[in-house]
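Below: the structure, in structure tokens.
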Protein chains: 4
Amino acid sequence: MRFFSDNAAAAHPAVIQAIIAANTLDTAYDGDAWSARLDGAFSEVFERDVRSLWVTTGTAANCLALGALCPPYRGIICHRDAHIEVDEAGAPGFFTGGAKLMLLDGPGAKLTAEAVEDSIGLIRKDVHQVQPATLSITNATEYGLVYTADQVSALGETARRHGLSFHMDGARFANAIVSTGNSPADLTWRAGVDALSFGFVKNGGLNAEALILFKTELADEIAVRRKRAGHLLSKGRFLAAQVLAMLENDLWLDNARAANSAARSIAGAAGSRLVYPVEANEIFVRATPEESASLRSAGFDFYDWGPGEIRLVTSWDQSGEPIERLAAAIRGL
Amino acid sequence: MRFFSDNAAAAHPAVIQAIIAANTLDTAYDGDAWSARLDGAFSEVFERDVRSLWVTTGTAANCLALGALCPPYRGIICHRDAHIEVDEAGAPGFFTGGAKLMLLDGPGAKLTAEAVEDSIGLIRKDVHQVQPATLSITNATEYGLVYTADQVSALGETARRHGLSFHMDGARFANAIVSTGNSPADLTWRAGVDALSFGFVKNGGLNAEALILFKTELADEIAVRRKRAGHLLSKGRFLAAQVLAMLENDLWLDNARAANSAARSIAGAAGSRLVYPVEANEIFVRATPEESASLRSAGFDFYDWGPGEIRLVTSWDQSGEPIERLAAAIRGL
Amino acid sequence: MRFFSDNAAAAHPAVIQAIIAANTLDTAYDGDAWSARLDGAFSEVFERDVRSLWVTTGTAANCLALGALCPPYRGIICHRDAHIEVDEAGAPGFFTGGAKLMLLDGPGAKLTAEAVEDSIGLIRKDVHQVQPATLSITNATEYGLVYTADQVSALGETARRHGLSFHMDGARFANAIVSTGNSPADLTWRAGVDALSFGFVKNGGLNAEALILFKTELADEIAVRRKRAGHLLSKGRFLAAQVLAMLENDLWLDNARAANSAARSIAGAAGSRLVYPVEANEIFVRATPEESASLRSAGFDFYDWGPGEIRLVTSWDQSGEPIERLAAAIRGL
Amino acid sequence: MRFFSDNAAAAHPAVIQAIIAANTLDTAYDGDAWSARLDGAFSEVFERDVRSLWVTTGTAANCLALGALCPPYRGIICHRDAHIEVDEAGAPGFFTGGAKLMLLDGPGAKLTAEAVEDSIGLIRKDVHQVQPATLSITNATEYGLVYTADQVSALGETARRHGLSFHMDGARFANAIVSTGNSPADLTWRAGVDALSFGFVKNGGLNAEALILFKTELADEIAVRRKRAGHLLSKGRFLAAQVLAMLENDLWLDNARAANSAARSIAGAAGSRLVYPVEANEIFVRATPEESASLRSAGFDFYDWGPGEIRLVTSWDQSGEPIERLAAAIRGL
């Protein structure tokens with residue numbers, strides 16, 4: 001059974017159905033009827049007017065936003081373990097034209113307002129040192145922690161005070177919403193977020209993600225940047241239709257709820273082996289090489305994550321018996 | 001009836017079926033079973049070992065190739081009407097880091113070896129003037145003409161003599177193959193082509209294109225560039241599966257044959273109104289504003305293409321009666 | 001005798017003296033007393049508050065300005081023969097991050113407001129085509145013509161109407177001022193110019209040029225870009241001192257007057273052989289290979305400029321007998 | 001008395017004389033007689049054929065080299081306190097097109113081969129993580145330590161084993177040569193260095209630095225990149241002449257010897273207050289705010305360097321009584 005990553009899971013049947021239903025003739029690019037409905041659908045989710053663009057990857061969503069938010073000669077404050085730093089092959093450098101990621105520490109890939117404040121204080125205000133322009137956080141984080149609306153607000157306030165724009169990588173935004181119980185609005189723009197990479201692919205989507213702009217005046221520029229980056233698909237309706245299917249009847253929340261719930265069950269079994277509290281759908285567990293081998297031989301697949309640690313990720317389609325079996329296996333270590 | 005563009009048509013049912021069949025758990029990115037079959041499938045098509053990468057747009061295929069073929073401080077010789085110059089929002093500048101498109105003229109968006117040769121002769125060989133590194137042509141061209149294997153060879157020879165790498169934008173490569181009767185091998189690497197953007201989306205695909213590398217040593221670098229550009233999708237199997245479905249039983253050739261054939265029927269009706277010979281699936285027709293209005297009121301949709309000209313594009317799914325109706329309408333102008 | 005280029009001439013003795021005088025200890029970069037006087041000196045020249053930065057080349061001045069004026073995803077309208085297009089090794093692409101030069105024609109490398117207007121009209125307003133952001137002209141032009149204040153105004157008006165920023169490459173600005181009799185203010189900001197590359201090196205300077213910003217809010221950003229491009233010299237006082245020496249007692253105008261006057265003498269001799277009217281310090285003369293060989297054997301050095309044409313450039317330090325000798329030699333052809 | 005930085009000192013009289021002597025007519029750019037002598041002069045210094053280019057700043061030398069050594073999608077391993085990371089406004093990102101600086105720790109801004117080795121071991125070999133292409137060290141370091149030929153060799157060996165190119169920022173290369181007693185050859189190419197930024201401005205130069213290429217095949221490409229970056233000055237002879245003056249009769253070594261010797265005197269006085277051993281011309285001294293104020297009121301000018309530390313830098317023109325006065329003042333704290 002695969003607990004490798006949520007980004008390899010199957011797509012939800014509703015998403016496949018949406019693709020089938022969209023397989024008709026319509027205008028190319030984002031001129032079609034499905035794409036036209038996106039802004040409205042997201043504006044409802046966020047309780048205000050937003051602009052939105054479909055893209056096919058989280059990296060594209062993140063870096064199109066960062067390219068518009070941060071000029072080439074400035075920097076983006078983020079966590080040392082942020083996906084944009086660790087796992088995007090330097091995409092921020094490409095999309096921004098060479099802006100610098102300014103790395104901060106903090107347990108579980110979480111930033112605090114204090115750490116951001118302090119780091120800014122250390123930068124000389126001259127032309128020799130790169131000045132930050134943007135703050136970027138991941139919610140839920142790369143280690144499965146979540147920022148609450150209050151925590152995002154504190155960061156948003158710090159960003160505002162220093163004139164920084166504020167980006168949220170929400171590859172697992174749904175998991176954060178479900179976990180915190182905060183509303184999408186409270187967790188983003190009400191807390192000062194300017195742009196959100198809203199992930200669907202890890203949550204039952206096929207190949208459509210969305211970039212949500214609360215700073216709506218950026219949308220036209222980013223639409224050009226999207227084309228220029230080769231991310232404006234000819235038959236965009238197949239992406240828009242996926243996203244709409246995920247939003248319909250809150251499928252995105254149901255899926256995240258399932259994944260989080262599976263993760264909590266496993267976390268309960270792992271107990272004191274947990275490296276971090278489990279607040280979303282990722283579980284980091286201490287395990288000796290022998291223990292990890294025994295889990296593997298029992299049919300569970302996962303990542304080794306540094307010495308003596310493994311990473312398990314649950315998906316929207318995992319629940320019930322298989323989860324209980326994994327929980328039992330961990331308990332039995 | 002829509003003759004607007006082939007990039008808005010529906011996807012072929014076999015492509016949809018392939019997506020449905022791929023909706024199972026597999027490894028993420030391009031580590032899956034479908035992606036693993038791509039190189040083999042294309043090597044068969046091209047009668048030699050090739051490396052291939054799926055991407056979602058022709059712009060991405062073109063510009064990932066150009067980014068690897070042309071350093072930032074040099075230039076790409078192409079036609080003034082080339083898609084990379086006219087319709088990609090400056091993507092070559094983005095992907096190459098600022099390389100220059102060096103524009104040549106020629107009827108029907110076609111380059112000749114002589115024109116390329118002459119243009120190179122005019123460049124001072126010093127550090128002040130940008131030196132070309134790459135030649136890029138589109139086959140079939142943006143105006144529906146095709147290069148034969150001999151014509152590509154002549155360009156390839158010129159490129160080789162001047163140390164230029166050679167890229168072919170094959171957004172409508174299938175149409176060119178069907179039209180020329182040349183083999184894929186003869187029309188590309190045997191004629192000196194290093195990299196081919198092999199289009200499927202305009203030919204019945206959903207959202208998968210392929211970049212074929214005959215200069216196979218570029219593949220590893222381009223795989224990194226693809227990730228860095230946000231073009232490495234998590235669930236790559238859904239792209240690979242589409243491409244494999246298009247290659248299976250030569251569906252790609254059948255589709256192109258249908259589109260070309262429809263275009264030929266319309267061309268026959270247009271006769272002396274044709275602006276260019278119709279060699280693929282695009283038809284440029286001289287029509288007064290009144291004539292074009294009458295076609296539109298008869299239910300035909302298309303682009304105005306400069307004063308007194310319209311562009312009609314046929315798709316893989318257009319044949320029979322609707323085509324005859326359009327032919328008749330044009331004949332009746 | 002060398003009529004090759006004004007950029008190879010000796011530096012004026014006053015410039016050398018200024019360097020000697022600046023050879024004392026002061027603060028590094030542009031924190032010194034000389035640099036501090038620049039804004040004031042230029043504000044006097046231009047009859048309003050300006051911001052200014054020293055740089056060492058015209059290419060740096062041009063492209064630092066363009067990098068701030070034009071985002072990577074847009075374009076710069078300029079003449080096909082503009083220095084930024086022809087002779088800067090693609091520097092605009094580097095400094096802007098891949099923006100596109102949009103080339104227009106016109107005799108003598110001069111643009112008209114009409115040509116600019118028309119070219120904008122041909123661009124589709126969508127995300128596929130690159131939209132212009134900036135207009136750049138050279139005054140005096142690469143062919144020794146000048147724009148008068150009225151002509152610049154017409155272009156400035158067109159730029160304003162289309163929301164374009166407006167840059168002037170003034171590598172030979174002094175020659176244009178002397179030639180037109182217009183004031184520096186009338187020829188620039190009063191005509192809508194936002195940024196001026198103010199050349200000194202071709203006019204008796206050693207290695208200091210200036211970038212003048214009428215859109216003063218760009219100065220802080222460009223100061224960062226200058227550092228980032230490696231153009232913030234440690235001992236900036238040696239550049240500032242040169243510029244101040246050139247401005248003192250209008251040395252810059254005297255030098256340009258001398259060069260223009262020498263050019264006029266030669267032009268008078270060339271008569272109907274002139275390819276363009278001689279309005280600054282460049283003279284393009286029709287000459288057969290034999291004629292050009294005979295001039296060379298008489299000790300005159302110059303550029304061949306296409307078949308049957310030669311280019312002669314006069315410098316600040318050329319006058320009197322040598323000029324008369326050249327004039328006589330041309331008359332004698 | 002200024003101990004602020006060596007980059008603000010006066011230029012050596014021989015350098016000024018060289019400029020005066022070069023103030024004659026010659027060919028523009030680097031086509032002049034002085035520039036033509038550079039390769040030969042440096043080849044003698046380095047006991048082998050090298051290629052060299054003049055530039056005006058260390059940032060330009062560093063980043064032109066890095067742009068040629070490291071592709072945009074890879075990384076440069078350097079120290080967290082390296083000038084390229086801390087004090088160049090992100091220039092490496094600009095010149096490389098977005099490559100990543102990969103930061104390592106180590107006392108006194110010095111890297112060890114082990115630290116480099118270990119850091120490479122931590123990088124996953126896949127397309128998601130940025131792979132290093134280049135190693136860059138500063139000799140003497142930003143904290144006034146030097147690498148000996150053996151230490152450079154160990155790093156060069158590590159670089160070679162991992163296929164990394166190897167760059168040395170020698171803003172204070174002369175100080176390192178004098179301090180180590182190693183030959184220029186031993187401290188660079190014999191130890192595996194591919195490109196050296198050879199600093200002159202901090203050592204008595206006016207505004208000329210040099211980039212030395214041991215990997216000579218890079219020279220032609222970097223010459224283009226230099227032009228493209230606006231760093232090809234029209235009157236290059238004034239830069240070449242400075243460099244030649246510095247090399248003549250080993251003036252560069254004499255100057256560095258003077259600065260190092262002054263630093264040693266001060267270091268002797270500082271004794272246990274020293275934060276780092278003084279191996280070149282920078283002295284970091286522990287001093288309370290009161291102590292630092294008292295030094296300032298005695299007429300000594302310097303940088304505060306973090307809490308409780310000050311930085312003093314000696315220059316080529318400082319020796320004798322003023323140095324003794326400073327030494328006495330420090331001893332008297």
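Letters for chains follow the order of the structure tokens (A, B, ...), residue numbers begin at 1 for each chain, and ligand numbers begin at 1 in the order shown.
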
Find the spatial neighbours of stretch 298-313 of chain D, counting only C-alpha atoms, within a cut-off of 12 Å - ignore same-chain residues fewer than 6 positions away - and output them as a ChimeraX atom specification. /A:122-124 /C:26-27 /D:1-9,142-144,172,175,202-203,259-264,266-267,270,273-276,278-292,322-323,325-330,332-333

Give me, as JSON lines, the closest atom pair and its distance (Å, one decimal) for every residue of chain A within a cut-off of 12 Å of chain D, counting only C-alpha atoms, rows sorted by chain and rising number.
```
{"residue": "A:Thr59", "atom": "CA", "partner": "D:His128", "partner_atom": "CA", "distance": 10.6}
{"residue": "A:Pro71", "atom": "CA", "partner": "D:Phe94", "partner_atom": "CA", "distance": 11.5}
{"residue": "A:Pro72", "atom": "CA", "partner": "D:Phe94", "partner_atom": "CA", "distance": 7.8}
{"residue": "A:Tyr73", "atom": "CA", "partner": "D:Gly90", "partner_atom": "CA", "distance": 6.5}
{"residue": "A:Arg74", "atom": "CA", "partner": "D:Gly90", "partner_atom": "CA", "distance": 7.7}
{"residue": "A:Gly75", "atom": "CA", "partner": "D:Gly90", "partner_atom": "CA", "distance": 8.8}
{"residue": "A:Arg80", "atom": "CA", "partner": "D:Leu103", "partner_atom": "CA", "distance": 11.7}
{"residue": "A:Asp81", "atom": "CA", "partner": "D:Gln129", "partner_atom": "CA", "distance": 11.8}
{"residue": "A:His83", "atom": "CA", "partner": "D:His128", "partner_atom": "CA", "distance": 9.6}
{"residue": "A:Ile84", "atom": "CA", "partner": "D:His128", "partner_atom": "CA", "distance": 10.0}
{"residue": "A:Glu85", "atom": "CA", "partner": "D:Gln129", "partner_atom": "CA", "distance": 8.5}
{"residue": "A:Val86", "atom": "CA", "partner": "D:Gln129", "partner_atom": "CA", "distance": 6.0}
{"residue": "A:Asp87", "atom": "CA", "partner": "D:His128", "partner_atom": "CA", "distance": 4.7}
{"residue": "A:Glu88", "atom": "CA", "partner": "D:His128", "partner_atom": "CA", "distance": 5.3}
{"residue": "A:Ala89", "atom": "CA", "partner": "D:His128", "partner_atom": "CA", "distance": 4.7}
{"residue": "A:Gly90", "atom": "CA", "partner": "D:Val130", "partner_atom": "CA", "distance": 6.2}
{"residue": "A:Ala91", "atom": "CA", "partner": "D:Tyr73", "partner_atom": "CA", "distance": 8.3}
{"residue": "A:Pro92", "atom": "CA", "partner": "D:Gly98", "partner_atom": "CA", "distance": 8.1}
{"residue": "A:Gly93", "atom": "CA", "partner": "D:Gly98", "partner_atom": "CA", "distance": 4.4}
{"residue": "A:Phe94", "atom": "CA", "partner": "D:Gly98", "partner_atom": "CA", "distance": 5.5}
{"residue": "A:Phe95", "atom": "CA", "partner": "D:Gly98", "partner_atom": "CA", "distance": 8.6}
{"residue": "A:Thr96", "atom": "CA", "partner": "D:Gly98", "partner_atom": "CA", "distance": 8.1}
{"residue": "A:Gly97", "atom": "CA", "partner": "D:Gly98", "partner_atom": "CA", "distance": 6.0}
{"residue": "A:Gly98", "atom": "CA", "partner": "D:Gly98", "partner_atom": "CA", "distance": 4.0}
{"residue": "A:Ala99", "atom": "CA", "partner": "D:Gly93", "partner_atom": "CA", "distance": 6.8}
{"residue": "A:Lys100", "atom": "CA", "partner": "D:Gly90", "partner_atom": "CA", "distance": 6.9}
{"residue": "A:Leu101", "atom": "CA", "partner": "D:Lys100", "partner_atom": "CA", "distance": 8.9}
{"residue": "A:Met102", "atom": "CA", "partner": "D:Glu85", "partner_atom": "CA", "distance": 10.9}
{"residue": "A:Leu103", "atom": "CA", "partner": "D:Leu103", "partner_atom": "CA", "distance": 10.6}
{"residue": "A:Leu122", "atom": "CA", "partner": "D:Gly306", "partner_atom": "CA", "distance": 9.7}
{"residue": "A:Ile123", "atom": "CA", "partner": "D:Val86", "partner_atom": "CA", "distance": 9.6}
{"residue": "A:Arg124", "atom": "CA", "partner": "D:Asp87", "partner_atom": "CA", "distance": 9.9}
{"residue": "A:Lys125", "atom": "CA", "partner": "D:Ala89", "partner_atom": "CA", "distance": 11.2}
{"residue": "A:Asp126", "atom": "CA", "partner": "D:Ala89", "partner_atom": "CA", "distance": 9.1}
{"residue": "A:Val127", "atom": "CA", "partner": "D:Ala89", "partner_atom": "CA", "distance": 6.3}
{"residue": "A:His128", "atom": "CA", "partner": "D:Asp87", "partner_atom": "CA", "distance": 4.7}
{"residue": "A:Gln129", "atom": "CA", "partner": "D:Ala89", "partner_atom": "CA", "distance": 4.9}
{"residue": "A:Val130", "atom": "CA", "partner": "D:Ala89", "partner_atom": "CA", "distance": 4.9}
{"residue": "A:Gln131", "atom": "CA", "partner": "D:Ala89", "partner_atom": "CA", "distance": 8.3}
{"residue": "A:Pro132", "atom": "CA", "partner": "D:Ala89", "partner_atom": "CA", "distance": 11.2}
{"residue": "A:Trp305", "atom": "CA", "partner": "D:Arg124", "partner_atom": "CA", "distance": 11.6}
{"residue": "A:Gly306", "atom": "CA", "partner": "D:Leu122", "partner_atom": "CA", "distance": 9.7}
{"residue": "A:Pro307", "atom": "CA", "partner": "D:Leu122", "partner_atom": "CA", "distance": 11.8}
```

For the selection you just gave me, I'd like the residues written to a file as a short mmCIF file (atom, residue, chain, number, x, y, z; two decimals), in the first residue's frame, keeping N, CA and C atoms.
```
data_model
loop_
_atom_site.label_atom_id
_atom_site.label_comp_id
_atom_site.auth_asym_id
_atom_site.auth_seq_id
_atom_site.Cartn_x
_atom_site.Cartn_y
_atom_site.Cartn_z
N THR A 59 4.29 24.17 -8.66
CA THR A 59 5.47 24.99 -8.95
C THR A 59 5.10 26.17 -9.84
N PRO A 71 10.43 41.61 -7.52
CA PRO A 71 11.28 41.97 -8.66
C PRO A 71 12.60 41.19 -8.63
N PRO A 72 13.27 41.10 -9.76
CA PRO A 72 14.47 40.26 -9.86
C PRO A 72 15.56 40.63 -8.86
N TYR A 73 15.59 41.87 -8.44
CA TYR A 73 16.71 42.33 -7.63
C TYR A 73 16.38 42.32 -6.12
N ARG A 74 15.32 41.67 -5.77
CA ARG A 74 15.01 41.60 -4.34
C ARG A 74 14.85 40.14 -3.89
N GLY A 75 14.30 39.93 -2.70
CA GLY A 75 14.30 38.58 -2.15
C GLY A 75 12.96 38.14 -1.61
N ARG A 80 13.65 27.40 5.26
CA ARG A 80 14.71 26.60 4.66
C ARG A 80 14.18 25.29 4.06
N ASP A 81 13.07 24.80 4.59
CA ASP A 81 12.51 23.55 4.08
C ASP A 81 11.33 23.78 3.15
N HIS A 83 9.03 24.19 -0.01
CA HIS A 83 9.04 23.51 -1.30
C HIS A 83 9.72 24.35 -2.37
N ILE A 84 9.48 25.65 -2.36
CA ILE A 84 10.09 26.52 -3.37
C ILE A 84 11.61 26.51 -3.26
N GLU A 85 12.14 26.26 -2.08
CA GLU A 85 13.59 26.21 -1.91
C GLU A 85 14.14 24.81 -2.21
N VAL A 86 13.43 23.81 -1.77
CA VAL A 86 14.00 22.46 -1.73
C VAL A 86 13.63 21.62 -2.94
N ASP A 87 12.46 21.84 -3.49
CA ASP A 87 11.93 20.84 -4.42
C ASP A 87 11.41 21.41 -5.73
N GLU A 88 11.87 22.58 -6.12
CA GLU A 88 11.36 23.13 -7.37
C GLU A 88 12.49 23.46 -8.35
N ALA A 89 13.63 22.82 -8.15
CA ALA A 89 14.72 22.93 -9.13
C ALA A 89 15.12 24.38 -9.42
N GLY A 90 14.93 25.23 -8.44
CA GLY A 90 15.32 26.62 -8.66
C GLY A 90 14.31 27.42 -9.46
N ALA A 91 13.08 26.93 -9.54
CA ALA A 91 12.06 27.63 -10.31
C ALA A 91 11.85 29.09 -9.88
N PRO A 92 11.90 29.40 -8.59
CA PRO A 92 11.73 30.81 -8.23
C PRO A 92 12.78 31.70 -8.89
N GLY A 93 14.01 31.21 -8.97
CA GLY A 93 15.06 31.98 -9.65
C GLY A 93 14.74 32.20 -11.11
N PHE A 94 14.15 31.20 -11.73
CA PHE A 94 13.79 31.30 -13.15
C PHE A 94 12.65 32.28 -13.36
N PHE A 95 11.60 32.13 -12.59
CA PHE A 95 10.40 32.94 -12.81
C PHE A 95 10.58 34.39 -12.37
N THR A 96 11.42 34.61 -11.38
CA THR A 96 11.61 36.00 -10.93
C THR A 96 12.74 36.69 -11.68
N GLY A 97 13.55 35.93 -12.41
CA GLY A 97 14.72 36.53 -13.04
C GLY A 97 15.87 36.70 -12.07
N GLY A 98 15.95 35.80 -11.09
CA GLY A 98 17.14 35.79 -10.24
C GLY A 98 16.96 36.34 -8.84
N ALA A 99 15.72 36.50 -8.40
CA ALA A 99 15.53 36.94 -7.01
C ALA A 99 16.07 35.87 -6.07
N LYS A 100 16.31 36.28 -4.84
CA LYS A 100 17.00 35.43 -3.87
C LYS A 100 16.01 34.89 -2.84
N LEU A 101 16.10 33.61 -2.56
CA LEU A 101 15.34 33.06 -1.45
C LEU A 101 16.14 33.30 -0.18
N MET A 102 15.49 33.89 0.82
CA MET A 102 16.14 34.25 2.07
C MET A 102 15.60 33.29 3.13
N LEU A 103 16.45 32.37 3.55
CA LEU A 103 15.98 31.20 4.28
C LEU A 103 16.00 31.38 5.79
N LEU A 122 18.41 42.22 10.38
CA LEU A 122 19.84 41.96 10.14
C LEU A 122 20.32 42.43 8.78
N ILE A 123 19.40 42.85 7.93
CA ILE A 123 19.79 43.25 6.58
C ILE A 123 20.16 44.73 6.54
N ARG A 124 21.36 45.03 6.08
CA ARG A 124 21.74 46.44 5.92
C ARG A 124 20.85 47.06 4.84
N LYS A 125 20.40 48.27 5.08
CA LYS A 125 19.53 48.93 4.10
C LYS A 125 20.39 49.70 3.11
N ASP A 126 21.03 48.99 2.21
CA ASP A 126 21.86 49.65 1.21
C ASP A 126 21.73 48.90 -0.11
N VAL A 127 22.44 49.31 -1.11
CA VAL A 127 22.30 48.66 -2.42
C VAL A 127 23.13 47.39 -2.53
N HIS A 128 23.98 47.12 -1.54
CA HIS A 128 24.85 45.95 -1.64
C HIS A 128 24.16 44.68 -1.18
N GLN A 129 23.25 44.82 -0.26
CA GLN A 129 22.56 43.65 0.25
C GLN A 129 21.17 43.57 -0.37
N VAL A 130 20.78 42.34 -0.66
CA VAL A 130 19.46 42.13 -1.26
C VAL A 130 18.38 42.43 -0.22
N GLN A 131 17.42 43.23 -0.60
CA GLN A 131 16.30 43.58 0.28
C GLN A 131 15.11 42.67 -0.03
N PRO A 132 14.43 42.20 0.99
CA PRO A 132 13.27 41.33 0.73
C PRO A 132 12.09 42.11 0.17
N TRP A 305 13.19 9.42 5.47
CA TRP A 305 13.32 10.88 5.59
C TRP A 305 14.44 11.20 6.58
N GLY A 306 15.62 11.10 6.09
CA GLY A 306 16.76 11.27 6.99
C GLY A 306 16.93 10.01 7.82
N PRO A 307 18.00 9.92 8.57
CA PRO A 307 18.29 8.71 9.33
C PRO A 307 17.30 8.52 10.48
#
```

As a PyMOL selection string, list the residues of stretch 86-232 of chain B assigned to helix (DSSP H, G or I) by DSSP on the backbone atoms of this structure. chain B and resi 86+91-96+107-109+113-121+149-161+173-180+184-187+189-191+201-203+216-228

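The spacing separating atom CA of C:Ser43 from atom CA of C:Ala61 amounts to 17.9 Å.
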
Taking 2 positions as the minimum chain separation for residues in the same chain, which residues sit within 6 Å of A:Gly230 when counting only C-alpha atoms? Answer as an MDAnalysis selection string. (chainID A and resid 227:228 232) or (chainID B and resid 59:60)

The selected residues should be written to file as a CSV table (one decimal), in the first residue's frame (atoms: N, CA, C and O atoms).
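Produced file out.csv, reproduced below:
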```
chain,number,residue,atom,x,y,z
A,227,LYS,N,1.2,32.7,-20.0
A,227,LYS,CA,1.4,32.4,-21.5
A,227,LYS,C,2.9,32.3,-21.8
A,227,LYS,O,3.3,31.3,-22.4
A,228,ARG,N,3.6,33.3,-21.3
A,228,ARG,CA,5.0,33.4,-21.6
A,228,ARG,C,5.8,32.2,-21.0
A,228,ARG,O,6.9,31.8,-21.5
A,232,LEU,N,-0.2,28.4,-20.6
A,232,LEU,CA,-1.6,28.6,-21.1
A,232,LEU,C,-2.0,27.5,-22.0
A,232,LEU,O,-1.6,27.5,-23.2
B,59,THR,N,4.2,25.7,-26.7
B,59,THR,CA,5.2,26.8,-26.3
B,59,THR,C,6.2,26.2,-25.4
B,59,THR,O,7.4,26.5,-25.5
B,60,ALA,N,5.8,25.4,-24.4
B,60,ALA,CA,6.7,24.7,-23.5
B,60,ALA,C,7.7,23.8,-24.3
B,60,ALA,O,8.9,23.9,-24.1
```

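Coordinates place atom CA of A:Asp30 at a distance of 25.3 Å from atom CA of B:Arg225.
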
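Among the candidates D:Val178, D:Leu164, D:Leu187, D:Ala41, the one nearest to D:Ala240 when counting only C-alpha atoms is D:Ala41.
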
Which residues come within 9 Å of C:Thr134, counting only C-alpha atoms, excluding same-chain residues fewer than 4 positions away, as a list of chain:residue names? C:Leu66, C:Leu69, C:Cys70, C:Arg74, C:Gly75, C:Ile76, C:Ile77, C:Cys78, C:Ala159, C:Gly163, C:Leu164, C:Ser165, C:Phe166, C:His167

Just write the chosen residues, N, CA and C atoms, as a short mmCIF file (atom, residue, chain, number, x, y, z; two decimals), in the first residue's frame.
```
data_model
loop_
_atom_site.label_atom_id
_atom_site.label_comp_id
_atom_site.auth_asym_id
_atom_site.auth_seq_id
_atom_site.Cartn_x
_atom_site.Cartn_y
_atom_site.Cartn_z
N LEU C 66 16.39 50.78 -19.43
CA LEU C 66 15.37 49.91 -20.04
C LEU C 66 14.92 48.83 -19.07
N LEU C 69 12.41 50.43 -16.97
CA LEU C 69 11.24 50.97 -17.69
C LEU C 69 10.36 49.89 -18.30
N CYS C 70 10.94 48.75 -18.63
CA CYS C 70 10.18 47.72 -19.38
C CYS C 70 10.23 46.39 -18.65
N ARG C 74 7.29 42.42 -21.74
CA ARG C 74 6.78 43.39 -22.70
C ARG C 74 7.88 43.81 -23.68
N GLY C 75 7.64 44.87 -24.43
CA GLY C 75 8.57 45.19 -25.50
C GLY C 75 8.99 46.65 -25.54
N ILE C 76 10.07 46.88 -26.27
CA ILE C 76 10.64 48.21 -26.44
C ILE C 76 10.62 48.55 -27.92
N ILE C 77 9.89 49.57 -28.27
CA ILE C 77 9.85 50.00 -29.67
C ILE C 77 11.09 50.83 -29.96
N CYS C 78 11.82 50.45 -31.00
CA CYS C 78 13.00 51.22 -31.37
C CYS C 78 13.25 51.06 -32.87
N ALA C 159 3.82 58.20 -27.17
CA ALA C 159 4.15 57.30 -26.06
C ALA C 159 3.15 57.46 -24.93
N GLY C 163 0.57 54.80 -23.10
CA GLY C 163 1.10 54.34 -21.81
C GLY C 163 2.51 53.80 -21.88
N LEU C 164 3.28 54.26 -22.85
CA LEU C 164 4.67 53.81 -22.97
C LEU C 164 5.59 54.76 -22.21
N SER C 165 6.58 54.21 -21.56
CA SER C 165 7.65 55.05 -21.04
C SER C 165 8.58 55.41 -22.20
N PHE C 166 9.45 56.40 -21.98
CA PHE C 166 10.17 56.98 -23.12
C PHE C 166 11.63 57.18 -22.73
N HIS C 167 12.50 56.51 -23.46
CA HIS C 167 13.94 56.56 -23.19
C HIS C 167 14.67 57.18 -24.37
#
```

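Among the candidates B:Gly156, B:Pro107, B:Gly205, B:Gly181, the one nearest to B:Leu239 when counting only C-alpha atoms is B:Gly205.
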
What does the distance from atom CA of B:Thr216 to atom CA of D:Ile120 come to in Å, to one decimal? 26.6 Å

Just want the 12 Å neighbourhood of D:Glu47, counted on only C-alpha atoms, with same-chain residues fewer than 3 positions away dropped. Output as a ChimeraX atom specification. /D:39-44,50,183-190,214
